[in-house]
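K.L.:
Contents of my_file.txt (compact mmCIF, C-alpha atoms):
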```txt
# COMPACT_ATOMS: atom_id res chain seq x y z
CA MET B 1 -15.57 9.27 -14.82
CA PRO B 2 -12.87 11.96 -15.20
CA VAL B 3 -13.57 15.56 -14.20
CA GLU B 4 -11.27 18.53 -14.85
CA ILE B 5 -11.55 22.03 -13.38
CA ARG B 6 -9.27 24.99 -14.09
CA ASP B 7 -9.68 28.33 -12.39
CA GLU B 8 -7.89 31.21 -10.75
CA HIS B 9 -8.56 33.49 -7.79
CA ARG B 10 -7.14 36.87 -6.88
CA ILE B 11 -6.28 37.03 -3.17
CA ASP B 12 -5.45 40.25 -1.31
CA ALA B 13 -2.59 38.73 0.67
CA PRO B 14 1.13 38.22 0.00
CA VAL B 15 2.31 34.97 -1.60
CA GLU B 16 4.03 33.79 1.60
CA LYS B 17 0.82 34.15 3.62
CA VAL B 18 -1.23 32.30 0.98
CA TRP B 19 1.40 29.53 0.81
CA ALA B 20 1.38 29.15 4.61
CA ALA B 21 -2.44 28.92 4.65
CA LEU B 22 -2.45 26.31 1.85
CA ASN B 23 -0.16 24.17 4.02
CA ASP B 24 -2.00 24.68 7.33
CA PRO B 25 -4.30 21.75 8.20
CA GLU B 26 -6.42 23.93 10.53
CA VAL B 27 -7.12 26.45 7.76
CA LEU B 28 -7.79 23.73 5.21
CA GLN B 29 -10.16 21.81 7.51
CA ILE B 30 -12.27 24.94 7.96
CA CYS B 31 -12.30 25.65 4.21
CA ILE B 32 -12.90 22.17 2.75
CA PRO B 33 -16.66 21.61 2.45
CA GLY B 34 -17.81 18.74 4.67
CA CYS B 35 -14.37 18.18 6.21
CA GLU B 36 -14.72 16.55 9.62
CA ARG B 37 -11.05 15.75 10.14
CA LEU B 38 -7.73 16.68 8.54
CA GLU B 39 -4.57 15.49 10.23
CA LYS B 40 -1.00 16.06 9.14
CA SER B 41 1.23 13.00 9.64
CA THR B 42 4.34 14.42 7.96
CA ASP B 43 5.21 17.70 6.21
CA THR B 44 3.78 16.26 2.97
CA ASP B 45 1.18 13.68 4.09
CA MET B 46 -2.30 14.15 5.56
CA SER B 47 -5.36 12.01 6.19
CA ALA B 48 -8.93 13.26 6.07
CA THR B 49 -12.58 12.44 6.64
CA VAL B 50 -15.04 14.38 4.46
CA VAL B 51 -18.82 14.04 4.26
CA LEU B 52 -20.28 15.04 0.89
CA LYS B 53 -23.70 15.00 -0.71
CA VAL B 54 -23.81 14.58 -4.47
CA GLY B 55 -27.37 14.56 -5.72
CA PRO B 56 -29.28 11.98 -3.66
CA ILE B 57 -26.10 10.27 -2.40
CA LYS B 58 -24.48 11.29 0.87
CA ALA B 59 -21.23 9.57 1.78
CA ARG B 60 -18.37 9.76 4.25
CA PHE B 61 -15.02 9.57 2.48
CA GLU B 62 -11.86 8.45 4.23
CA GLY B 63 -8.79 9.50 2.35
CA SER B 64 -5.20 10.51 2.11
CA VAL B 65 -3.56 13.61 0.70
CA GLN B 66 0.05 14.02 -0.35
CA LEU B 67 1.88 17.21 -1.36
CA CYS B 68 4.35 16.67 -4.21
CA ASP B 69 6.63 18.73 -6.45
CA LEU B 70 6.96 21.40 -3.76
CA ASN B 71 8.42 24.71 -4.93
CA PRO B 72 7.77 27.03 -1.94
CA PRO B 73 6.16 29.54 -2.06
CA CYS B 74 5.29 29.28 -5.76
CA SER B 75 3.73 25.90 -6.53
CA TYR B 76 2.93 22.33 -5.60
CA THR B 77 0.82 19.37 -6.63
CA ILE B 78 -1.77 17.86 -4.29
CA VAL B 79 -2.51 14.18 -4.87
CA GLY B 80 -5.39 12.55 -3.04
CA GLU B 81 -7.62 9.53 -2.85
CA GLY B 82 -10.84 8.96 -0.93
CA LYS B 83 -13.06 5.93 -0.46
CA GLY B 84 -16.74 6.31 0.33
CA GLY B 85 -17.78 2.68 0.73
CA VAL B 86 -20.69 1.68 -1.53
CA ALA B 87 -21.00 5.31 -2.72
CA GLY B 88 -17.73 4.99 -4.58
CA PHE B 89 -14.30 6.57 -4.72
CA ALA B 90 -12.54 9.70 -5.87
CA LYS B 91 -8.89 10.11 -6.70
CA GLY B 92 -7.07 12.92 -8.35
CA SER B 93 -4.57 15.72 -8.27
CA ALA B 94 -4.40 19.49 -8.35
CA ASP B 95 -1.54 21.60 -9.69
CA VAL B 96 -1.48 24.86 -7.73
CA THR B 97 0.59 27.93 -8.61
CA LEU B 98 0.91 31.23 -6.77
CA THR B 99 2.05 34.37 -8.57
CA GLU B 100 2.92 37.59 -6.76
CA GLN B 101 1.02 40.59 -8.11
CA ALA B 102 2.37 44.15 -8.43
CA ASP B 103 0.05 45.39 -5.68
CA GLY B 104 1.30 42.78 -3.18
CA GLY B 105 -1.61 40.38 -3.69
CA THR B 106 -1.48 36.85 -5.05
CA LEU B 107 -2.95 35.17 -8.11
CA LEU B 108 -3.74 31.53 -7.30
CA ARG B 109 -4.23 29.24 -10.31
CA TYR B 110 -5.21 25.60 -10.15
CA ASN B 111 -5.88 22.69 -12.47
CA VAL B 112 -7.75 19.81 -10.83
CA LYS B 113 -8.14 16.37 -12.38
CA VAL B 114 -10.36 13.88 -10.58
CA ASP B 115 -11.51 10.37 -11.42
CA ILE B 116 -14.76 9.24 -9.77
CA GLY B 117 -16.19 5.73 -9.65
CA GLY B 118 -18.97 3.75 -8.03
CA LYS B 119 -22.57 4.84 -7.40
CA ILE B 120 -21.62 8.53 -7.48
CA ALA B 121 -20.27 8.18 -11.03
CA GLN B 122 -23.62 6.76 -12.11
CA LEU B 123 -25.29 10.11 -11.32
CA GLY B 124 -23.94 11.53 -14.56
CA SER B 125 -21.23 13.93 -15.61
CA ARG B 126 -23.37 17.10 -15.50
CA LEU B 127 -24.32 16.63 -11.83
CA ILE B 128 -20.77 15.59 -10.88
CA ASP B 129 -19.26 18.57 -12.72
CA SER B 130 -21.68 21.11 -11.24
CA THR B 131 -21.17 19.69 -7.72
CA ALA B 132 -17.39 19.79 -8.11
CA ARG B 133 -17.53 23.42 -9.27
CA LYS B 134 -19.85 24.35 -6.38
CA LEU B 135 -17.53 22.69 -3.82
CA SER B 136 -14.52 24.43 -5.36
CA ALA B 137 -16.28 27.81 -5.15
CA GLN B 138 -17.22 27.16 -1.50
CA PHE B 139 -13.62 26.24 -0.65
CA PHE B 140 -12.15 29.38 -2.20
CA SER B 141 -14.81 31.64 -0.72
CA LYS B 142 -13.93 30.38 2.78
CA PHE B 143 -10.19 30.36 2.01
CA VAL B 144 -10.13 33.97 0.79
CA SER B 145 -12.34 35.01 3.72
CA SER B 146 -10.00 33.34 6.24
CA LEU B 147 -7.00 35.19 4.75
CA ASP B 148 -8.90 38.50 4.76
CA LYS B 149 -9.63 38.05 8.48
CA GLU B 150 -5.95 37.28 9.18
CA THR B 151 -4.63 40.26 7.24
CA ALA B 152 -7.15 42.59 8.92
CA PHE B 153 -5.30 42.29 12.24
```
Is it possible to give me this structure as C-alpha cells?

P.N.:
Amino acid sequence: MPVEIRDEHRIDAPVEKVWAALNDPEVLQICIPGCERLEKSTDTDMSATVVLKVGPIKARFEGSVQLCDLNPPCSYTIVGEGKGGVAGFAKGSADVTLTEQADGGTLLRYNVKVDIGGKIAQLGSRLIDSTARKLSAQFFSKFVSSLDKETAF
C-alpha cells in the first residue's frame, strides 16, 4: 500500500544548523517517534530500531537508512527499509530540501513515499495515512523544538 506525504516547515535556524541536525543520529533518535536505537555505521548509512503502534498493531521494526544524492547543505534523499516481523514491512524514501530564508531561517520541504505491506497494510489506507501524518508532525515538532533549544544558547 503506497503512502505519499508532502509538507514544509519553517525553522528559525540557519540552513547549516538544520543540515547538521538532520545528519546527527543523536538528534534524530530523540525526534523519531518510537525510536529506541539509531546508529551510524558510515557517513551515509544507519541502522535503527523503532517501535510503532498503528491502530491495534504494535510492532518493533528493525531497519536500515541510507542518505543518497547529498548536496550539502541544501538537499538529500533518505532511503529506508524496516521489517516488523508478522506485522509487516515499510520501505520508502524522502526527498528533503532546505532553502535559506531572507531572515536567516530555513524552509524545510519534504516529499515522502512509503510502501507498506503485511498485517499493517490490512488496516486500511485512511488509518495508515492518518498515522503517518501524525508521526511526521510529532517528528517535526520535536525537531524544531530541539533546534530552538540549541539556538537559545

K.L.:
One number please: CA of Gly85 (chain B) to CA of Val114 (chain B), in Å, one decimal.

P.N.:
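Between CA of Gly85 (chain B) and CA of Val114 (chain B) the gap is 17.6 Å.
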
K.L.:
May I ask which of the residues B:Leu108, B:Ala87, B:Val54, B:Ala20 is the closest one to Asp129 (chain B), counting all atoms listed in the file?

P.N.:
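Smallest separation from Asp129 (chain B) among the options: B:Val54.
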
K.L.:
Give as a PDB file with C-alpha atoms, keeping the file's coordinate frame the set of residues within 7 Å of the point (-7.5, 17.6, 6.6), where distances use the file's coordinates and only C-alpha atoms.

P.N.:
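Output saved as out_19.pdb:
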```
ATOM      1  CA  PRO B  25      -4.300  21.750   8.200  1.00  0.00           C
ATOM      2  CA  LEU B  28      -7.790  23.730   5.210  1.00  0.00           C
ATOM      3  CA  GLN B  29     -10.160  21.810   7.510  1.00  0.00           C
ATOM      4  CA  CYS B  35     -14.370  18.180   6.210  1.00  0.00           C
ATOM      5  CA  ARG B  37     -11.050  15.750  10.140  1.00  0.00           C
ATOM      6  CA  LEU B  38      -7.730  16.680   8.540  1.00  0.00           C
ATOM      7  CA  GLU B  39      -4.570  15.490  10.230  1.00  0.00           C
ATOM      8  CA  MET B  46      -2.300  14.150   5.560  1.00  0.00           C
ATOM      9  CA  SER B  47      -5.360  12.010   6.190  1.00  0.00           C
ATOM     10  CA  ALA B  48      -8.930  13.260   6.070  1.00  0.00           C
TER      11      ALA B  48
END
```

K.L.:
Rounded to one decimal in Å, what is the spacing between CA of Ser125 (chain B) and CA of Asp95 (chain B)?

P.N.:
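If I compute the distance from CA of Ser125 (chain B) to CA of Asp95 (chain B), I get 21.9 Å.
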
K.L.:
Just give me the gap between CA of Ala94 (chain B) and CA of Met1 (chain B) in Å, one decimal is fine.

P.N.:
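Pair CA of Ala94 (chain B) / CA of Met1 (chain B) returns 16.5 Å.
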
K.L.:
Identify the residues around (-1.8, 45.8, -4.4) within a radius of 10 Å, measuring from all atoms listed in the file in the coordinates stated by the file, and give them as number ranges by chain.

P.N.:
B: 11-14, 100-106

K.L.:
I'd like to know which of B:Lys83, B:Arg126, B:Lys40, B:Lys142 is closest to Ala59 (chain B), using only C-alpha atoms.

P.N.:
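Comparing B:Lys83, B:Arg126, B:Lys40, B:Lys142 against Ala59 (chain B), the winner is B:Lys83.
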
K.L.:
For each of B:Gly80, B:Gly92, B:Gly124, B:Pro33, take the minimum atom-to-atom distance to Leu67 (chain B), counting all atoms listed in the file, then give the residue where this is smallest.

P.N.:
B:Gly80

K.L.:
If we count all atoms listed in the file and set the cut-off at 9 Å, which residues sit around Lys119 (chain B), ignoring sequence neighbours fewer than 6 positions away in its own chain? Please answer as an mmCIF file with C-alpha atoms, keeping the file's coordinate frame.

P.N.:
```cif
data_model
loop_
_atom_site.group_PDB
_atom_site.id
_atom_site.type_symbol
_atom_site.label_atom_id
_atom_site.label_comp_id
_atom_site.auth_asym_id
_atom_site.auth_seq_id
_atom_site.Cartn_x
_atom_site.Cartn_y
_atom_site.Cartn_z
ATOM 1 C CA ILE B 57 -26.100 10.270 -2.400
ATOM 2 C CA VAL B 86 -20.690 1.680 -1.530
ATOM 3 C CA ALA B 87 -21.000 5.310 -2.720
ATOM 4 C CA GLY B 88 -17.730 4.990 -4.580
ATOM 5 C CA PHE B 89 -14.300 6.570 -4.720
#
```

K.L.:
Report as a PyMOL selection string all protein, DNA and RNA residues lying within 9 Å of Thr49 (chain B), evaluated on all atoms listed in the file, omitting residues in the same chain fewer than 6 positions from it.

P.N.:
chain B and resi 34-38+60-64+82

K.L.:
Point out the residue among B:Gly55, B:Gly117, B:Pro73, B:Pro2 with the least atom-to-atom distance to Glu16 (chain B), counting all atoms listed in the file.

P.N.:
B:Pro73

K.L.:
Please determine, counting only C-alpha atoms, which residue among B:Leu123, B:Val96, B:Cys31, B:Leu107 has the shortest atom-to-atom distance to Ala137 (chain B).

P.N.:
B:Cys31

K.L.:
Taking all atoms listed in the file into account, name the residue in B:Asp7, B:Asp24, B:Asp45, B:Glu81 that is nearest to Asp115 (chain B).

P.N.:
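Once distances to Asp115 (chain B) are computed over all atoms listed in the file, the minimum belongs to B:Glu81.
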
K.L.:
Can you fill out region 3-22 of chain B with N, CA and C atoms and hand it back as a compact mmCIF listing (two decimals), keeping the file's coordinate frame?

P.N.:
```
# COMPACT_ATOMS: atom_id res chain seq x y z
N VAL B 3 -13.09 14.19 -14.30
CA VAL B 3 -13.57 15.56 -14.20
C VAL B 3 -12.34 16.47 -14.16
N GLU B 4 -12.39 17.59 -14.88
CA GLU B 4 -11.27 18.53 -14.85
C GLU B 4 -11.81 19.94 -14.62
N ILE B 5 -11.16 20.65 -13.69
CA ILE B 5 -11.55 22.03 -13.38
C ILE B 5 -10.30 22.89 -13.36
N ARG B 6 -10.35 23.99 -14.09
CA ARG B 6 -9.27 24.99 -14.09
C ARG B 6 -9.89 26.31 -13.67
N ASP B 7 -9.17 27.03 -12.81
CA ASP B 7 -9.68 28.33 -12.39
C ASP B 7 -8.55 29.13 -11.77
N GLU B 8 -8.85 30.37 -11.45
CA GLU B 8 -7.89 31.21 -10.75
C GLU B 8 -8.65 32.17 -9.84
N HIS B 9 -7.96 32.57 -8.76
CA HIS B 9 -8.56 33.49 -7.79
C HIS B 9 -7.53 34.53 -7.40
N ARG B 10 -7.98 35.76 -7.34
CA ARG B 10 -7.14 36.87 -6.88
C ARG B 10 -7.33 36.98 -5.38
N ILE B 11 -6.23 36.98 -4.63
CA ILE B 11 -6.28 37.03 -3.17
C ILE B 11 -5.49 38.24 -2.69
N ASP B 12 -6.10 39.05 -1.85
CA ASP B 12 -5.45 40.25 -1.31
C ASP B 12 -4.58 39.91 -0.11
N ALA B 13 -3.55 39.11 -0.36
CA ALA B 13 -2.59 38.73 0.67
C ALA B 13 -1.29 38.37 -0.04
N PRO B 14 -0.14 38.56 0.63
CA PRO B 14 1.13 38.22 0.00
C PRO B 14 1.28 36.72 -0.24
N VAL B 15 2.09 36.36 -1.22
CA VAL B 15 2.31 34.97 -1.60
C VAL B 15 2.68 34.10 -0.40
N GLU B 16 3.57 34.59 0.45
CA GLU B 16 4.03 33.79 1.60
C GLU B 16 2.88 33.44 2.53
N LYS B 17 1.97 34.38 2.73
CA LYS B 17 0.82 34.15 3.62
C LYS B 17 -0.15 33.13 2.99
N VAL B 18 -0.36 33.24 1.68
CA VAL B 18 -1.23 32.30 0.98
C VAL B 18 -0.61 30.90 1.02
N TRP B 19 0.70 30.81 0.77
CA TRP B 19 1.40 29.53 0.81
C TRP B 19 1.26 28.90 2.20
N ALA B 20 1.49 29.68 3.24
CA ALA B 20 1.38 29.15 4.61
C ALA B 20 -0.03 28.62 4.87
N ALA B 21 -1.05 29.34 4.43
CA ALA B 21 -2.44 28.92 4.65
C ALA B 21 -2.75 27.64 3.88
N LEU B 22 -2.22 27.51 2.66
CA LEU B 22 -2.45 26.31 1.85
C LEU B 22 -1.78 25.07 2.45
```
